[in-house]
>>> print(open('run09.pdb').read())   # PDB, C-alpha atoms, pLDDT in the B column
ATOM      1  CA  GLY V   1     153.289 154.814  82.150  1.00 95.00           C
ATOM      2  CA  ARG V   2     152.496 158.422  82.974  1.00 95.00           C
ATOM      3  CA  ILE V   3     151.146 157.491  86.423  1.00 97.00           C
ATOM      4  CA  LEU V   4     154.305 155.513  87.203  1.00 97.00           C
ATOM      5  CA  PHE V   5     156.495 158.350  85.911  1.00 97.00           C
ATOM      6  CA  ASP V   6     154.683 160.913  88.065  1.00 97.00           C
ATOM      7  CA  ASP V   7     155.127 158.523  91.023  1.00 97.00           C
ATOM      8  CA  GLN V   8     158.882 158.416  90.253  1.00 97.00           C
ATOM      9  CA  ASP V   9     158.809 154.719  89.352  1.00 97.00           C
ATOM     10  CA  TYR V  10     160.975 155.361  86.312  1.00 98.00           C
ATOM     11  CA  ALA V  11     161.885 151.701  85.733  1.00 97.00           C
ATOM     12  CA  GLY V  12     158.222 150.702  85.683  1.00 97.00           C
ATOM     13  CA  ALA V  13     157.279 153.670  83.514  1.00 97.00           C
ATOM     14  CA  ALA V  14     160.040 152.798  81.016  1.00 97.00           C
ATOM     15  CA  ILE V  15     158.628 149.286  80.689  1.00 97.00           C
ATOM     16  CA  LYS V  16     155.109 150.630  80.089  1.00 98.00           C
ATOM     17  CA  PHE V  17     156.226 153.272  77.565  1.00 97.00           C
ATOM     18  CA  ASP V  18     158.425 150.765  75.762  1.00 96.00           C
ATOM     19  CA  ARG V  19     155.531 148.311  75.515  1.00 97.00           C
ATOM     20  CA  ALA V  20     153.247 151.062  74.210  1.00 97.00           C
ATOM     21  CA  TYR V  21     155.875 151.946  71.589  1.00 97.00           C
ATOM     22  CA  ALA V  22     156.181 148.287  70.526  1.00 97.00           C
ATOM     23  CA  GLU V  23     152.418 148.113  70.001  1.00 97.00           C
ATOM     24  CA  SER V  24     151.833 151.541  68.436  1.00 97.00           C
ATOM     25  CA  GLN V  25     155.187 152.433  66.825  1.00 95.00           C
ATOM     26  CA  ASP V  26     154.478 156.043  67.872  1.00 96.00           C
ATOM     27  CA  PRO V  27     157.989 157.590  68.039  1.00 96.00           C
ATOM     28  CA  ARG V  28     156.918 160.104  70.688  1.00 95.00           C
ATOM     29  CA  LEU V  29     156.952 157.223  73.172  1.00 96.00           C
ATOM     30  CA  LEU V  30     160.712 156.908  72.625  1.00 97.00           C
ATOM     31  CA  TRP V  31     161.033 160.402  74.121  1.00 97.00           C
ATOM     32  CA  ASN V  32     159.099 159.160  77.171  1.00 97.00           C
ATOM     33  CA  VAL V  33     161.308 156.073  77.529  1.00 98.00           C
ATOM     34  CA  ALA V  34     164.392 158.313  77.224  1.00 97.00           C
ATOM     35  CA  ALA V  35     163.048 160.560  80.008  1.00 97.00           C
ATOM     36  CA  CYS V  36     162.694 157.504  82.258  1.00 97.00           C
ATOM     37  CA  GLU V  37     166.211 156.292  81.462  1.00 97.00           C
ATOM     38  CA  LYS V  38     167.605 159.779  82.135  1.00 96.00           C
ATOM     39  CA  ASN V  39     166.063 159.736  85.595  1.00 97.00           C
ATOM     40  CA  LEU V  40     167.599 156.281  86.144  1.00 97.00           C
ATOM     41  CA  ARG V  41     170.980 157.761  85.088  1.00 95.00           C
ATOM     42  CA  HIS V  42     171.275 155.341  82.159  1.00 95.00           C
ATOM     43  CA  TYR V  43     172.761 157.958  79.848  1.00 96.00           C
ATOM     44  CA  ALA V  44     174.035 155.544  77.189  1.00 95.00           C
ATOM     45  CA  LYS V  45     170.470 154.247  76.787  1.00 96.00           C
ATOM     46  CA  VAL V  46     169.169 157.816  76.607  1.00 97.00           C
ATOM     47  CA  SER V  47     171.586 158.534  73.768  1.00 96.00           C
ATOM     48  CA  GLN V  48     170.518 155.428  71.824  1.00 95.00           C
ATOM     49  CA  LEU V  49     166.826 156.148  72.364  1.00 97.00           C
ATOM     50  CA  LEU V  50     167.109 159.776  71.263  1.00 97.00           C
ATOM     51  CA  GLU V  51     169.043 158.843  68.126  1.00 96.00           C
ATOM     52  CA  HIS V  52     166.311 156.328  67.318  1.00 96.00           C
ATOM     53  CA  TYR V  53     163.641 158.919  68.118  1.00 97.00           C
ATOM     54  CA  VAL V  54     165.130 161.501  65.728  1.00 96.00           C
ATOM     55  CA  VAL V  55     165.206 158.939  62.911  1.00 95.00           C
ATOM     56  CA  GLU V  56     161.711 157.589  63.603  1.00 94.00           C
ATOM     57  CA  ALA V  57     160.049 160.987  64.064  1.00 95.00           C
ATOM     58  CA  GLY V  58     161.771 162.481  61.030  1.00 92.00           C
ATOM     59  CA  ALA V  59     160.043 165.524  59.589  1.00 91.00           C
ATOM     60  CA  THR V  60     157.023 165.113  61.878  1.00 92.00           C
ATOM     61  CA  MET V  61     159.032 166.437  64.841  1.00 94.00           C
ATOM     62  CA  PRO V  62     158.349 170.165  65.362  1.00 94.00           C
ATOM     63  CA  PRO V  63     161.500 172.339  65.007  1.00 94.00           C
ATOM     64  CA  ASP V  64     161.344 173.662  68.594  1.00 95.00           C
ATOM     65  CA  HIS V  65     161.090 170.113  69.970  1.00 95.00           C
ATOM     66  CA  ARG V  66     163.947 168.994  67.696  1.00 95.00           C
ATOM     67  CA  ALA V  67     166.062 171.782  69.236  1.00 95.00           C
ATOM     68  CA  ASP V  68     165.187 170.452  72.717  1.00 95.00           C
ATOM     69  CA  VAL V  69     166.105 166.912  71.679  1.00 96.00           C
ATOM     70  CA  ASN V  70     169.416 168.077  70.202  1.00 95.00           C
ATOM     71  CA  GLU V  71     170.235 169.955  73.407  1.00 96.00           C
ATOM     72  CA  VAL V  72     169.539 166.879  75.532  1.00 95.00           C
ATOM     73  CA  MET V  73     171.691 164.790  73.173  1.00 95.00           C
ATOM     74  CA  ARG V  74     174.590 167.265  73.512  1.00 95.00           C
ATOM     75  CA  THR V  75     174.313 167.145  77.300  1.00 95.00           C
ATOM     76  CA  VAL V  76     174.091 163.350  77.421  1.00 95.00           C
ATOM     77  CA  ARG V  77     177.246 163.000  75.286  1.00 94.00           C
ATOM     78  CA  LEU V  78     179.143 164.596  78.177  1.00 95.00           C
ATOM     79  CA  LEU V  79     177.891 161.823  80.477  1.00 96.00           C
ATOM     80  CA  ILE V  80     178.924 158.840  78.353  1.00 96.00           C
ATOM     81  CA  SER V  81     182.211 157.587  76.950  1.00 96.00           C
ATOM     82  CA  THR V  82     183.217 155.250  74.175  1.00 96.00           C
ATOM     83  CA  VAL V  83     185.449 152.359  75.133  1.00 96.00           C
ATOM     84  CA  ARG V  84     187.368 150.236  72.635  1.00 97.00           C
ATOM     85  CA  ILE V  85     188.591 146.872  73.863  1.00 96.00           C
ATOM     86  CA  SER V  86     190.840 144.663  71.804  1.00 94.00           C
ATOM     87  CA  THR V  87     192.936 141.629  72.596  1.00 95.00           C
ATOM     88  CA  ASN V  88     195.399 139.283  70.983  1.00 95.00           C
ATOM     89  CA  LEU V  89     192.817 136.480  70.746  1.00 94.00           C
ATOM     90  CA  PRO V  90     189.389 136.150  69.159  1.00 96.00           C
ATOM     91  CA  GLY V  91     186.583 134.629  71.201  1.00 96.00           C
ATOM     92  CA  ALA V  92     187.368 136.154  74.589  1.00 97.00           C
ATOM     93  CA  LEU V  93     184.171 137.026  76.459  1.00 97.00           C
ATOM     94  CA  VAL V  94     183.972 140.662  77.550  1.00 98.00           C
ATOM     95  CA  PHE V  95     182.035 141.758  80.638  1.00 98.00           C
ATOM     96  CA  VAL V  96     181.402 145.253  81.996  1.00 97.00           C
ATOM     97  CA  ASP V  97     180.160 145.369  85.573  1.00 97.00           C
ATOM     98  CA  ASP V  98     179.604 141.587  85.330  1.00 96.00           C
ATOM     99  CA  GLU V  99     177.227 142.024  82.378  1.00 96.00           C
ATOM    100  CA  PRO V 100     178.266 140.295  79.129  1.00 97.00           C
ATOM    101  CA  VAL V 101     178.769 142.771  76.268  1.00 97.00           C
ATOM    102  CA  GLY V 102     180.157 140.477  73.563  1.00 96.00           C
ATOM    103  CA  SER V 103     183.225 138.583  72.521  1.00 96.00           C
ATOM    104  CA  THR V 104     186.414 139.690  70.830  1.00 96.00           C
ATOM    105  CA  PRO V 105     186.741 141.127  68.393  1.00 96.00           C
ATOM    106  CA  LEU V 106     183.925 143.446  69.439  1.00 96.00           C
ATOM    107  CA  PRO V 107     182.013 144.914  66.471  1.00 95.00           C
ATOM    108  CA  GLY V 108     182.715 148.459  67.639  1.00 95.00           C
ATOM    109  CA  PRO V 109     183.256 150.627  70.681  1.00 96.00           C
ATOM    110  CA  LEU V 110     181.126 150.254  73.780  1.00 96.00           C
ATOM    111  CA  THR V 111     179.128 153.243  74.947  1.00 95.00           C
ATOM    112  CA  LEU V 112     179.221 153.427  78.735  1.00 96.00           C
ATOM    113  CA  ASP V 113     177.760 155.702  81.386  1.00 96.00           C
ATOM    114  CA  LEU V 114     180.172 157.672  83.508  1.00 94.00           C
ATOM    115  CA  GLY V 115     181.273 156.074  86.734  1.00 95.00           C
ATOM    116  CA  ARG V 116     183.603 153.400  88.028  1.00 96.00           C
ATOM    117  CA  ARG V 117     183.395 150.364  85.745  1.00 96.00           C
ATOM    118  CA  GLU V 118     184.824 146.882  86.163  1.00 97.00           C
ATOM    119  CA  PHE V 119     186.026 145.169  82.995  1.00 97.00           C
ATOM    120  CA  ARG V 120     186.650 141.440  82.668  1.00 97.00           C
ATOM    121  CA  LEU V 121     187.845 139.280  79.780  1.00 97.00           C
ATOM    122  CA  THR V 122     187.749 135.495  79.948  1.00 97.00           C
ATOM    123  CA  LYS V 123     188.674 132.677  77.625  1.00 96.00           C
ATOM    124  CA  PRO V 124     189.099 129.019  78.581  1.00 94.00           C
ATOM    125  CA  GLY V 125     192.768 128.121  78.860  1.00 93.00           C
ATOM    126  CA  TYR V 126     193.841 131.745  79.447  1.00 95.00           C
ATOM    127  CA  LYS V 127     194.308 133.908  82.532  1.00 95.00           C
ATOM    128  CA  GLU V 128     191.351 136.135  83.245  1.00 95.00           C
ATOM    129  CA  GLN V 129     191.958 139.863  82.783  1.00 95.00           C
ATOM    130  CA  ARG V 130     190.114 142.002  85.324  1.00 96.00           C
ATOM    131  CA  PHE V 131     190.536 145.728  85.923  1.00 96.00           C
ATOM    132  CA  THR V 132     188.582 148.754  87.102  1.00 96.00           C
ATOM    133  CA  ARG V 133     188.622 152.209  85.520  1.00 96.00           C
ATOM    134  CA  ASP V 134     186.791 155.466  86.055  1.00 95.00           C
ATOM    135  CA  VAL V 135     184.786 156.375  82.969  1.00 94.00           C
ATOM    136  CA  THR V 136     184.594 160.152  83.143  1.00 92.00           C
ATOM    137  CA  GLY V 137     182.071 160.846  80.402  1.00 91.00           C
ATOM    138  CA  GLY V 138     182.749 162.735  77.203  1.00 92.00           C
ATOM    139  CA  SER V 139     185.905 160.693  76.660  1.00 93.00           C
ATOM    140  CA  GLN V 140     187.290 157.847  74.590  1.00 95.00           C
ATOM    141  CA  LEU V 141     189.154 155.000  76.233  1.00 95.00           C
ATOM    142  CA  VAL V 142     191.184 152.294  74.510  1.00 96.00           C
ATOM    143  CA  PHE V 143     192.284 149.029  76.130  1.00 96.00           C
ATOM    144  CA  ASP V 144     194.528 146.659  74.188  1.00 95.00           C
ATOM    145  CA  LEU V 145     194.919 143.546  76.306  1.00 94.00           C
ATOM    146  CA  VAL V 146     197.107 140.476  76.007  1.00 94.00           C
ATOM    147  CA  LEU V 147     195.626 137.240  77.272  1.00 95.00           C
ATOM    148  CA  GLU V 148     198.235 134.812  78.569  1.00 94.00           C
ATOM    149  CA  ARG V 149     197.884 131.065  78.402  1.00 93.00           C
ATOM    150  CA  VAL V 150     197.310 129.310  81.727  1.00 90.00           C
ATOM    151  CA  ASP V 151     199.935 126.737  82.547  1.00 78.00           C
ATOM    152  CA  ASP V 152     197.555 123.809  82.777  1.00 73.00           C
ATOM    153  CA  ARG V 153     200.149 121.085  82.825  1.00 77.00           C
ATOM    154  CA  GLY V 154     199.940 118.810  85.808  1.00 79.00           C
ATOM    155  CA  GLN V 155     202.475 116.525  87.390  1.00 84.00           C
ATOM    156  CA  LEU V 156     201.777 112.965  88.373  1.00 84.00           C
ATOM    157  CA  ARG V 157     203.889 111.049  90.856  1.00 88.00           C
ATOM    158  CA  VAL V 158     203.321 107.339  91.439  1.00 88.00           C
ATOM    159  CA  ILE V 159     204.809 105.501  94.413  1.00 88.00           C
ATOM    160  CA  ALA V 160     204.567 101.711  94.457  1.00 87.00           C
ATOM    161  CA  SER V 161     206.004  99.018  96.705  1.00 88.00           C
ATOM    162  CA  PRO V 162     209.655  98.124  96.061  1.00 88.00           C
ATOM    163  CA  GLY V 163     209.959  95.786  93.084  1.00 86.00           C
ATOM    164  CA  GLN V 164     206.537  96.645  91.619  1.00 89.00           C
ATOM    165  CA  SER V 165     206.337  97.895  88.038  1.00 88.00           C
ATOM    166  CA  ILE V 166     204.452 101.044  87.123  1.00 88.00           C
ATOM    167  CA  ARG V 167     202.590 100.920  83.813  1.00 88.00           C
ATOM    168  CA  ILE V 168     200.908 103.671  81.837  1.00 87.00           C
ATOM    169  CA  ASP V 169     198.796 102.651  78.865  1.00 90.00           C
ATOM    170  CA  GLY V 170     200.170  99.110  79.215  1.00 88.00           C
ATOM    171  CA  ARG V 171     203.805 100.201  78.956  1.00 91.00           C
ATOM    172  CA  ILE V 172     206.246  99.870  81.858  1.00 88.00           C
ATOM    173  CA  VAL V 173     207.508 103.367  82.758  1.00 88.00           C
ATOM    174  CA  GLY V 174     209.293 102.625  86.042  1.00 86.00           C
ATOM    175  CA  GLU V 175     209.573 100.637  89.219  1.00 87.00           C
ATOM    176  CA  ALA V 176     208.712 101.709  92.772  1.00 86.00           C
ATOM    177  CA  GLN V 177     208.545 105.456  91.877  1.00 87.00           C
ATOM    178  CA  TRP V 178     207.733 107.400  88.762  1.00 88.00           C
ATOM    179  CA  SER V 179     206.942 111.073  87.980  1.00 86.00           C
TER     180      SER V 179
END
>>> encode(input="run09.pdb", output="structure tokens")
Amino acid sequence: GRILFDDQDYAGAAIKFDRAYAESQDPRLLWNVAACEKNLRHYAKVSQLLEHYVVEAGATMPPDHRADVNEVMRTVRLLISTVRISTNLPGALVFVDDEPVGSTPLPGPLTLDLGRREFRLTKPGYKEQRFTRDVTGGSQLVFDLVLERVDDRGQLRVIASPGQSIRIDGRIVGEAQWS
């Protein structure tokens, strides 16, 4: 992991450090994973990792390092925002940047990195909601959306020869033309 990090392959280093953490449960490796994610500009992940790191390390973390961690956490909070999405219907799938994040009602707010984000809600039988917003970081956004039913009624028109009967389910419904 260290070799990859020094070579600026932060995605590869994060995988290696994360694997090492899974095998060793050494909380210091969470700090390394967070450093990789910071360099990848995945600030929401950095925040989650550092919160986990503080809990896992507990009293074993030296006070000066804890101060460093707290400072990074304060800085990262300015680069992420919380987003609450609600809708009039349960079971709508929610996507951010085409990645699924859950279905309504969501269990809580989403934590998103700053930047332009595309939101999409879908539910069979309802019009898709799609919109883009700038997530500025250090903010809270709330979207309360109304999903509208799709008019899925069709119209059938039958044209037969003059004098011919038109039957639906065995019942005569017209002659020559029927809609």
>>> residues_around(input="run09.pdb", residues="Thr104 of chain V", least_positions_apart="3", cutoff="10 Å", atoms="all atoms listed in the file", output="PDB file with C-alpha atoms, in the frame of the given file")
ATOM      1  CA  ILE V  85     188.591 146.872  73.863  1.00 96.00           C
ATOM      2  CA  SER V  86     190.840 144.663  71.804  1.00 94.00           C
ATOM      3  CA  THR V  87     192.936 141.629  72.596  1.00 95.00           C
ATOM      4  CA  ASN V  88     195.399 139.283  70.983  1.00 95.00           C
ATOM      5  CA  LEU V  89     192.817 136.480  70.746  1.00 94.00           C
ATOM      6  CA  PRO V  90     189.389 136.150  69.159  1.00 96.00           C
ATOM      7  CA  GLY V  91     186.583 134.629  71.201  1.00 96.00           C
ATOM      8  CA  ALA V  92     187.368 136.154  74.589  1.00 97.00           C
ATOM      9  CA  LEU V  93     184.171 137.026  76.459  1.00 97.00           C
ATOM     10  CA  VAL V  94     183.972 140.662  77.550  1.00 98.00           C
ATOM     11  CA  VAL V 101     178.769 142.771  76.268  1.00 97.00           C
ATOM     12  CA  PRO V 107     182.013 144.914  66.471  1.00 95.00           C
ATOM     13  CA  LEU V 121     187.845 139.280  79.780  1.00 97.00           C
TER      14      LEU V 121
END
>>> residues_around(input="run09.pdb", residues="Val150 of chain V", least_positions_apart="5", cutoff="9 Å", atoms="only C-alpha atoms", output="short mmCIF file (atom, residue, chain, number, x, y, z; two decimals) with C-alpha atoms, in the coordinates of the input")
data_model
loop_
_atom_site.label_atom_id
_atom_site.label_comp_id
_atom_site.auth_asym_id
_atom_site.auth_seq_id
_atom_site.Cartn_x
_atom_site.Cartn_y
_atom_site.Cartn_z
CA PRO V 124 189.10 129.02 78.58
CA GLY V 125 192.77 128.12 78.86
CA TYR V 126 193.84 131.74 79.45
CA LYS V 127 194.31 133.91 82.53
#
>>> atom_distance(input="run09.pdb", atom1="atom CA of Arg2 of chain V", atom2="atom CA of Glu23 of chain V")
16.6 Å
>>> residues_around(input="run09.pdb", residues="Gln129 of chain V", least_positions_apart="5", cutoff="9 Å", atoms="only C-alpha atoms", output="ChimeraX atom specification")
/V:119-122,145-147
>>> resolve_selection(input="run09.pdb", expression="the PyMOL selection byres ((chain V and resi 43-52) around 8)", output="list in words")
Leu30, Trp31, Val33, Ala34, Ala35, Glu37, Lys38, Arg41, His42, Tyr53, Val54, Val55, Glu56, Val69, Met73, Val76, Arg77, Leu79, Ile80, Thr111, Leu112 and Asp113 of chain V
>>> closest_residue(input="run09.pdb", among="V:Val83, V:Arg167, V:Gly102, V:His65", to="Asp144 of chain V", atoms="all atoms listed in the file")
V:Val83
>>> resolve_selection(input="run09.pdb", expression="the PyMOL selection byres ((chain V and resi 159) around 7)", output="PyMOL selection string")
chain V and resi 157-158+160-161+176-178
>>> atom_distance(input="run09.pdb", atom1="atom CA of Asp7 of chain V", atom2="atom CA of Glu71 of chain V")
25.9 Å
>>> atom_distance(input="run09.pdb", atom1="atom CA of Arg19 of chain V", atom2="atom CA of Val72 of chain V")
23.3 Å
>>> axis_aligned_box(input="run09.pdb", around="segment 142-153 of chain V", padding_each_side="3 Å", output="AutoDock Vina command-line options")
--center_x 195.7 --center_y 136.7 --center_z 78.5 --size_x 15.0 --size_y 37.2 --size_z 14.6
>>> closest_residue(input="run09.pdb", among="V:Ser103, V:Thr60, V:Ser81, V:Thr132", to="Glu118 of chain V", atoms="all atoms listed in the file")
V:Thr132
>>> resolve_selection(input="run09.pdb", expression="the PyMOL selection byres ((chain V and resi 141) around 7)", output="list of chain:residue names")
V:Thr82, V:Val83, V:Arg84, V:Ser139, V:Gln140, V:Val142, V:Phe143
>>> decode(input="run09.pdb", residues="segment 31-68 of chain V", atoms="N, CA and C atoms", output="PDB file, in the first residue's frame")
ATOM      1  N   TRP V  31      -6.566   5.400   8.958  1.00  0.00           N
ATOM      2  CA  TRP V  31      -5.958   6.710   8.668  1.00  0.00           C
ATOM      3  C   TRP V  31      -5.323   6.678   7.278  1.00  0.00           C
ATOM      4  N   ASN V  32      -4.659   5.563   6.946  1.00  0.00           N
ATOM      5  CA  ASN V  32      -4.027   5.433   5.631  1.00  0.00           C
ATOM      6  C   ASN V  32      -5.076   5.398   4.517  1.00  0.00           C
ATOM      7  N   VAL V  33      -6.159   4.649   4.735  1.00  0.00           N
ATOM      8  CA  VAL V  33      -7.225   4.594   3.733  1.00  0.00           C
ATOM      9  C   VAL V  33      -7.817   5.994   3.553  1.00  0.00           C
ATOM     10  N   ALA V  34      -8.028   6.699   4.665  1.00  0.00           N
ATOM     11  CA  ALA V  34      -8.581   8.063   4.597  1.00  0.00           C
ATOM     12  C   ALA V  34      -7.658   8.985   3.806  1.00  0.00           C
ATOM     13  N   ALA V  35      -6.348   8.835   3.976  1.00  0.00           N
ATOM     14  CA  ALA V  35      -5.396   9.663   3.217  1.00  0.00           C
ATOM     15  C   ALA V  35      -5.532   9.388   1.716  1.00  0.00           C
ATOM     16  N   CYS V  36      -5.725   8.133   1.354  1.00  0.00           N
ATOM     17  CA  CYS V  36      -5.917   7.790  -0.062  1.00  0.00           C
ATOM     18  C   CYS V  36      -7.195   8.424  -0.595  1.00  0.00           C
ATOM     19  N   GLU V  37      -8.283   8.285   0.158  1.00  0.00           N
ATOM     20  CA  GLU V  37      -9.569   8.831  -0.279  1.00  0.00           C
ATOM     21  C   GLU V  37      -9.516  10.353  -0.370  1.00  0.00           C
ATOM     22  N   LYS V  38      -8.768  10.995   0.508  1.00  0.00           N
ATOM     23  CA  LYS V  38      -8.618  12.455   0.438  1.00  0.00           C
ATOM     24  C   LYS V  38      -7.953  12.842  -0.872  1.00  0.00           C
ATOM     25  N   ASN V  39      -6.919  12.117  -1.249  1.00  0.00           N
ATOM     26  CA  ASN V  39      -6.229  12.418  -2.501  1.00  0.00           C
ATOM     27  C   ASN V  39      -7.082  12.108  -3.731  1.00  0.00           C
ATOM     28  N   LEU V  40      -8.080  11.237  -3.563  1.00  0.00           N
ATOM     29  CA  LEU V  40      -9.026  10.947  -4.647  1.00  0.00           C
ATOM     30  C   LEU V  40     -10.211  11.919  -4.632  1.00  0.00           C
ATOM     31  N   ARG V  41     -10.212  12.830  -3.657  1.00  0.00           N
ATOM     32  CA  ARG V  41     -11.269  13.830  -3.469  1.00  0.00           C
ATOM     33  C   ARG V  41     -12.615  13.199  -3.128  1.00  0.00           C
ATOM     34  N   HIS V  42     -12.573  12.088  -2.402  1.00  0.00           N
ATOM     35  CA  HIS V  42     -13.774  11.419  -1.908  1.00  0.00           C
ATOM     36  C   HIS V  42     -13.965  11.820  -0.441  1.00  0.00           C
ATOM     37  N   TYR V  43     -14.367  13.067  -0.240  1.00  0.00           N
ATOM     38  CA  TYR V  43     -14.387  13.643   1.104  1.00  0.00           C
ATOM     39  C   TYR V  43     -15.425  13.014   2.018  1.00  0.00           C
ATOM     40  N   ALA V  44     -16.554  12.577   1.473  1.00  0.00           N
ATOM     41  CA  ALA V  44     -17.559  11.911   2.309  1.00  0.00           C
ATOM     42  C   ALA V  44     -16.985  10.608   2.873  1.00  0.00           C
ATOM     43  N   LYS V  45     -16.224   9.878   2.057  1.00  0.00           N
ATOM     44  CA  LYS V  45     -15.586   8.654   2.538  1.00  0.00           C
ATOM     45  C   LYS V  45     -14.532   8.967   3.591  1.00  0.00           C
ATOM     46  N   VAL V  46     -13.791  10.051   3.391  1.00  0.00           N
ATOM     47  CA  VAL V  46     -12.786  10.456   4.375  1.00  0.00           C
ATOM     48  C   VAL V  46     -13.457  10.691   5.726  1.00  0.00           C
ATOM     49  N   SER V  47     -14.566  11.408   5.707  1.00  0.00           N
ATOM     50  CA  SER V  47     -15.292  11.698   6.941  1.00  0.00           C
ATOM     51  C   SER V  47     -15.719  10.416   7.643  1.00  0.00           C
ATOM     52  N   GLN V  48     -16.304   9.482   6.900  1.00  0.00           N
ATOM     53  CA  GLN V  48     -16.744   8.211   7.487  1.00  0.00           C
ATOM     54  C   GLN V  48     -15.567   7.426   8.050  1.00  0.00           C
ATOM     55  N   LEU V  49     -14.477   7.371   7.295  1.00  0.00           N
ATOM     56  CA  LEU V  49     -13.299   6.628   7.746  1.00  0.00           C
ATOM     57  C   LEU V  49     -12.698   7.230   9.016  1.00  0.00           C
ATOM     58  N   LEU V  50     -12.621   8.562   9.059  1.00  0.00           N
ATOM     59  CA  LEU V  50     -12.026   9.194  10.246  1.00  0.00           C
ATOM     60  C   LEU V  50     -12.915   9.027  11.473  1.00  0.00           C
ATOM     61  N   GLU V  51     -14.215   9.085  11.296  1.00  0.00           N
ATOM     62  CA  GLU V  51     -15.114   8.834  12.434  1.00  0.00           C
ATOM     63  C   GLU V  51     -14.919   7.412  12.953  1.00  0.00           C
ATOM     64  N   HIS V  52     -14.808   6.470  12.033  1.00  0.00           N
ATOM     65  CA  HIS V  52     -14.564   5.074  12.409  1.00  0.00           C
ATOM     66  C   HIS V  52     -13.202   4.939  13.090  1.00  0.00           C
ATOM     67  N   TYR V  53     -12.215   5.612  12.561  1.00  0.00           N
ATOM     68  CA  TYR V  53     -10.858   5.577  13.111  1.00  0.00           C
ATOM     69  C   TYR V  53     -10.835   6.077  14.554  1.00  0.00           C
ATOM     70  N   VAL V  54     -11.494   7.192  14.822  1.00  0.00           N
ATOM     71  CA  VAL V  54     -11.518   7.756  16.180  1.00  0.00           C
ATOM     72  C   VAL V  54     -12.141   6.755  17.157  1.00  0.00           C
ATOM     73  N   VAL V  55     -13.226   6.122  16.736  1.00  0.00           N
ATOM     74  CA  VAL V  55     -13.887   5.136  17.605  1.00  0.00           C
ATOM     75  C   VAL V  55     -12.993   3.923  17.820  1.00  0.00           C
ATOM     76  N   GLU V  56     -12.440   3.390  16.730  1.00  0.00           N
ATOM     77  CA  GLU V  56     -11.614   2.180  16.821  1.00  0.00           C
ATOM     78  C   GLU V  56     -10.323   2.418  17.616  1.00  0.00           C
ATOM     79  N   ALA V  57      -9.680   3.536  17.380  1.00  0.00           N
ATOM     80  CA  ALA V  57      -8.396   3.808  18.053  1.00  0.00           C
ATOM     81  C   ALA V  57      -8.610   4.136  19.525  1.00  0.00           C
ATOM     82  N   GLY V  58      -9.707   4.833  19.812  1.00  0.00           N
ATOM     83  CA  GLY V  58     -10.026   5.146  21.207  1.00  0.00           C
ATOM     84  C   GLY V  58      -8.887   5.830  21.933  1.00  0.00           C
ATOM     85  N   ALA V  59      -8.620   5.353  23.137  1.00  0.00           N
ATOM     86  CA  ALA V  59      -7.604   5.953  24.001  1.00  0.00           C
ATOM     87  C   ALA V  59      -6.185   5.656  23.534  1.00  0.00           C
ATOM     88  N   THR V  60      -6.014   4.735  22.583  1.00  0.00           N
ATOM     89  CA  THR V  60      -4.659   4.419  22.130  1.00  0.00           C
ATOM     90  C   THR V  60      -4.097   5.490  21.193  1.00  0.00           C
ATOM     91  N   MET V  61      -4.969   6.391  20.715  1.00  0.00           N
ATOM     92  CA  MET V  61      -4.509   7.438  19.799  1.00  0.00           C
ATOM     93  C   MET V  61      -3.809   8.530  20.611  1.00  0.00           C
ATOM     94  N   PRO V  62      -2.568   8.866  20.273  1.00  0.00           N
ATOM     95  CA  PRO V  62      -1.864   9.927  21.002  1.00  0.00           C
ATOM     96  C   PRO V  62      -2.602  11.266  20.862  1.00  0.00           C
ATOM     97  N   PRO V  63      -2.588  12.103  21.897  1.00  0.00           N
ATOM     98  CA  PRO V  63      -3.323  13.375  21.874  1.00  0.00           C
ATOM     99  C   PRO V  63      -2.943  14.292  20.712  1.00  0.00           C
ATOM    100  N   ASP V  64      -1.655  14.358  20.351  1.00  0.00           N
ATOM    101  CA  ASP V  64      -1.266  15.235  19.239  1.00  0.00           C
ATOM    102  C   ASP V  64      -1.816  14.711  17.904  1.00  0.00           C
ATOM    103  N   HIS V  65      -1.856  13.393  17.740  1.00  0.00           N
ATOM    104  CA  HIS V  65      -2.424  12.821  16.524  1.00  0.00           C
ATOM    105  C   HIS V  65      -3.949  13.022  16.507  1.00  0.00           C
ATOM    106  N   ARG V  66      -4.590  12.882  17.668  1.00  0.00           N
ATOM    107  CA  ARG V  66      -6.029  13.124  17.748  1.00  0.00           C
ATOM    108  C   ARG V  66      -6.345  14.558  17.327  1.00  0.00           C
ATOM    109  N   ALA V  67      -5.500  15.510  17.717  1.00  0.00           N
ATOM    110  CA  ALA V  67      -5.700  16.908  17.305  1.00  0.00           C
ATOM    111  C   ALA V  67      -5.594  17.036  15.788  1.00  0.00           C
ATOM    112  N   ASP V  68      -4.627  16.321  15.182  1.00  0.00           N
ATOM    113  CA  ASP V  68      -4.491  16.330  13.720  1.00  0.00           C
ATOM    114  C   ASP V  68      -5.737  15.750  13.050  1.00  0.00           C
TER     115      ASP V  68
END
